[in-house]
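Peer 1: Next up is a structure, given as structure tokens.
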Amino acid sequence: MADYYEILGVDKNASKDEIKSAFRKMARQWHPDINKAPEAEAKFKELGKAYETLMDDEKRATYDRYGEDGLSSAGFNTQGPFANGFGDLEEVFNSFFGGGFGFGGSRRQDPNAPQRGDDLRLDIEIEFEEAVFGLNREIKIDHLETCASCNGTGAKAGSKPQVCQTCGGRGSVQQTTRTVLGQFTQIVTCPHCHGKGSIISDPCPDCKGKGRKEVEKTIDVKIPAGVDNGSKMRLSQEGDAGVNGGVSGDLYIVIHVKPSNYYKREAYNVFTKLEITPAQAVLGDVVSIKTLDGDRDITIPAGIQYGEVVKIKGAGVPNISKPTIRGEHIVVVEVKTPTHISNEEKQLYQKLYEITKNKNANKGVKEKLKGVFK
């Protein structure tokens with residue numbers, strides 16, 4: 001499996017500016033419109049995947065730790081931005097960098113060229129245990145879909161858009177203004193077609209001539225085990241439909257995990273508290289506690305101190321990249337002093353106190369004798 005840093009020719013500490021510069025250079029070299037070598041298409045797709053991953057802080061961190069397989073396990077799309085086409089090279093640079101990289105100046109984009117749809121975001125809330133073990137959830141979103149009645153043209157069935165006679169389909173016109181300093185010429189949006197390059201005289205009644213309409217869509221989403229609060233998932237091409245045959249945008253799902261009243265999570269470990277009596281702390285005991293997998297007996301060793309822990313390996317949260325590996329369940333022991341005791345218990349504590357007091361007194365005499373003879 002290729003290394004994304006090697007594909008772009010940068011080291012693992014490369015800044016985002018260095019990654020951008022490397023991608024720009026390599027894209028010129030391998031774009032299929034320029035390079036006709038058989039391997040150019042595959043190389044260009046790899047460039048897109050590498051760039052998209054390394055420019056996203058969360059994706060880059062996941063990739064550095066777990067590789068490309070880890071991206072898939074974390075719910076990220078790994079097909080790359082060019083899985084469904086490339087566009088011309090200037091369109092690629094305009095999309096990635098905002099244009100202006102020396103390909104014949106700042107020419108305006110063809111209004112009839114394919115345009116990618118907008119990305120969408122959806123926030124969902126899940127329970128703590130659902131985040132631990134994962135789940136399938138049906139979600140509903142409102143998004144723009146290509147109008148089926150007009151196939152995205154915006155024109156009523158049986159008709160089609162006409163090229164704007166004012167701008168000749170360019171979507172812009174040249175405007176010259178006379179000033180005291182001479183003539184001033186600029187390119188402005190066509191006032192007749194408003195930059196579309198075409199006129200729809202008989203609009204589609206379903207989408208009102210827009211070519212897209214808002215509909216509610218239902219999607220089955222698989223949330224992987226081990227997701228944490230704030231985790232993001234990207235569903236490729238589930239956003240708004242593109243224009244003029246452009247690809248759809250993506251849907252980003254942001255996961256919010258409800259806090260647990262019992263567990264505290266740190267990375268893939270979970271922490272719980274366990275209160276025990278002084279007698280249990282001194283003598284040790286076997287107690288039953290609640291774990292993510294159900295009730296379980298654990299051994300409290302004799303002589304355990306306040307704040308010490310008992311660890312249960314493999315009972316924590318599954319690793320999102322390697323679900324078979326789980327963190328630990330860490331039980332923090334708290335020795336609780338009883339506030340209400342019976343007469344019998346009071347007598348026993350009094351006896352224990354006297355024994356301890358005499359023991360410490362004898363120990364003090366021995367220490368003094370050691371000092372004399374020393």
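Here, A, B, ... name the chains of the structure tokens in the order displayed, residue numbers run from 1 inside each chain, and ligands are numbered from 1 in the same displayed order.
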Please list as a list of chain:residue names every residue within 7 Å of region 47-62 of chain A, counting only C-alpha atoms and excluding residues in the same chain fewer than 3 positions away.

Peer 2: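 Everything that qualifies: A:Tyr4, A:Ile7, A:Leu8, A:Lys16, A:Phe23, A:Lys43, A:Phe44, A:Arg65, A:Tyr66, A:Gly70, A:Leu71, A:Thr78, A:Gln79, A:Gly80, A:Pro81, A:Phe82.
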
Peer 1: Write the residues of the preceding selection, restricted to N, CA and C atoms, as a PDB file, in the first residue's frame.

Peer 2:
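Generated file (part.pdb):
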```pdb
ATOM      1  N   TYR A   4       1.285   7.912   1.591  1.00  0.00           N
ATOM      2  CA  TYR A   4       0.789   9.201   1.120  1.00  0.00           C
ATOM      3  C   TYR A   4       1.889  10.259   1.080  1.00  0.00           C
ATOM      4  N   ILE A   7       3.954   9.627  -2.007  1.00  0.00           N
ATOM      5  CA  ILE A   7       3.229   9.990  -3.223  1.00  0.00           C
ATOM      6  C   ILE A   7       3.402  11.477  -3.527  1.00  0.00           C
ATOM      7  N   LEU A   8       3.325  12.318  -2.483  1.00  0.00           N
ATOM      8  CA  LEU A   8       3.467  13.764  -2.673  1.00  0.00           C
ATOM      9  C   LEU A   8       4.915  14.234  -2.629  1.00  0.00           C
ATOM     10  N   LYS A  16       1.261  22.359   5.893  1.00  0.00           N
ATOM     11  CA  LYS A  16       0.179  22.359   4.903  1.00  0.00           C
ATOM     12  C   LYS A  16       0.589  23.126   3.645  1.00  0.00           C
ATOM     13  N   PHE A  23       1.456  19.106  -4.081  1.00  0.00           N
ATOM     14  CA  PHE A  23       0.295  18.638  -4.854  1.00  0.00           C
ATOM     15  C   PHE A  23       0.157  19.418  -6.156  1.00  0.00           C
ATOM     16  N   LYS A  43      -2.181   7.441 -10.953  1.00  0.00           N
ATOM     17  CA  LYS A  43      -1.291   8.325 -10.195  1.00  0.00           C
ATOM     18  C   LYS A  43      -2.042   9.566  -9.718  1.00  0.00           C
ATOM     19  N   PHE A  44      -2.880  10.117 -10.613  1.00  0.00           N
ATOM     20  CA  PHE A  44      -3.600  11.331 -10.260  1.00  0.00           C
ATOM     21  C   PHE A  44      -4.615  11.068  -9.148  1.00  0.00           C
ATOM     22  N   ARG A  65      -1.209   7.211  12.520  1.00  0.00           N
ATOM     23  CA  ARG A  65      -1.196   6.191  13.570  1.00  0.00           C
ATOM     24  C   ARG A  65      -1.571   4.798  13.057  1.00  0.00           C
ATOM     25  N   TYR A  66      -2.564   4.762  12.145  1.00  0.00           N
ATOM     26  CA  TYR A  66      -3.097   3.453  11.750  1.00  0.00           C
ATOM     27  C   TYR A  66      -3.016   3.157  10.254  1.00  0.00           C
ATOM     28  N   GLY A  70      -6.877   2.258   8.853  1.00  0.00           N
ATOM     29  CA  GLY A  70      -7.427   2.965   9.994  1.00  0.00           C
ATOM     30  C   GLY A  70      -8.428   4.032   9.581  1.00  0.00           C
ATOM     31  N   LEU A  71      -8.192   4.674   8.415  1.00  0.00           N
ATOM     32  CA  LEU A  71      -9.142   5.672   7.915  1.00  0.00           C
ATOM     33  C   LEU A  71     -10.483   5.030   7.622  1.00  0.00           C
ATOM     34  N   THR A  78     -12.239   6.798   1.692  1.00  0.00           N
ATOM     35  CA  THR A  78     -10.856   6.703   1.213  1.00  0.00           C
ATOM     36  C   THR A  78     -10.773   6.629  -0.301  1.00  0.00           C
ATOM     37  N   GLN A  79     -11.869   6.962  -0.993  1.00  0.00           N
ATOM     38  CA  GLN A  79     -11.840   6.919  -2.453  1.00  0.00           C
ATOM     39  C   GLN A  79     -11.112   8.113  -3.044  1.00  0.00           C
ATOM     40  N   GLY A  80     -11.068   9.214  -2.321  1.00  0.00           N
ATOM     41  CA  GLY A  80     -10.403  10.401  -2.832  1.00  0.00           C
ATOM     42  C   GLY A  80     -11.357  11.275  -3.629  1.00  0.00           C
ATOM     43  N   PRO A  81     -10.947  12.527  -3.902  1.00  0.00           N
ATOM     44  CA  PRO A  81     -11.828  13.483  -4.582  1.00  0.00           C
ATOM     45  C   PRO A  81     -12.019  13.225  -6.065  1.00  0.00           C
ATOM     46  N   PHE A  82     -11.189  12.332  -6.662  1.00  0.00           N
ATOM     47  CA  PHE A  82     -11.272  12.115  -8.102  1.00  0.00           C
ATOM     48  C   PHE A  82     -11.797  10.727  -8.462  1.00  0.00           C
TER      49      PHE A  82
END
```

Peer 1: Counting only C-alpha atoms, what is within 8 Å of region 315-328 of chain A, bar same-chain residues fewer than 3 positions away, as a list in words?

Peer 2: Tyr66, Asp69, Gly70, Leu71, Ser73, Ala74, Val132, Phe133, Pro224, Ala225, Gly226, Val227, Tyr268, Asn269, Val270, Thr291, Leu292, Asp293, Lys311 and Ile312 of chain A

Peer 1: When you count only C-alpha atoms, which of these residues is closest to Asp228 (chain A): A:Val215, A:Ala40, A:Ile355, A:Val257?

Peer 2: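 Ranked by minimum distance to Asp228 (chain A), first place goes to A:Val257.
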
Peer 1: Considering only C-alpha atoms, state which residue in the set A:Asp240, A:Asp142, A:Glu68, A:Glu41 is at the smallest distance from Thr218 (chain A).

Peer 2: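 Ranked by minimum distance to Thr218 (chain A), first place goes to A:Asp142.
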
Peer 1: Identify, with DSSP run on backbone atoms, the residues in region 178-319 of chain A assigned to alpha helix (DSSP H), and express the list as a PyMOL selection string.

Peer 2: chain A and resi 278-283

Peer 1: So that I can check the secondary structure, give me every residue of region 65-274 of chain A assigned strand (DSSP E or B) by backbone DSSP, as a VMD selection string.

Peer 2: chain A and resid 115 120 to 126 135 to 146 155 162 to 163 172 to 179 182 to 189 198 to 199 203 212 to 223 232 to 235 243 251 to 257 264 to 266 269 to 274

Peer 1: Using only C-alpha atoms, which of the listed residues (A:His31, A:Lys313, A:Lys273, A:Lys351) sits closest to Lys336 (chain A)?

Peer 2: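 Among the listed residues, the smallest separation from Lys336 (chain A) belongs to A:Lys273.
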
Peer 1: So how many Å separate CA of Val286 (chain A) and CA of Glu308 (chain A), to one decimal?

Peer 2: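 Separation between CA of Val286 (chain A) and CA of Glu308 (chain A): 15.9 Å.
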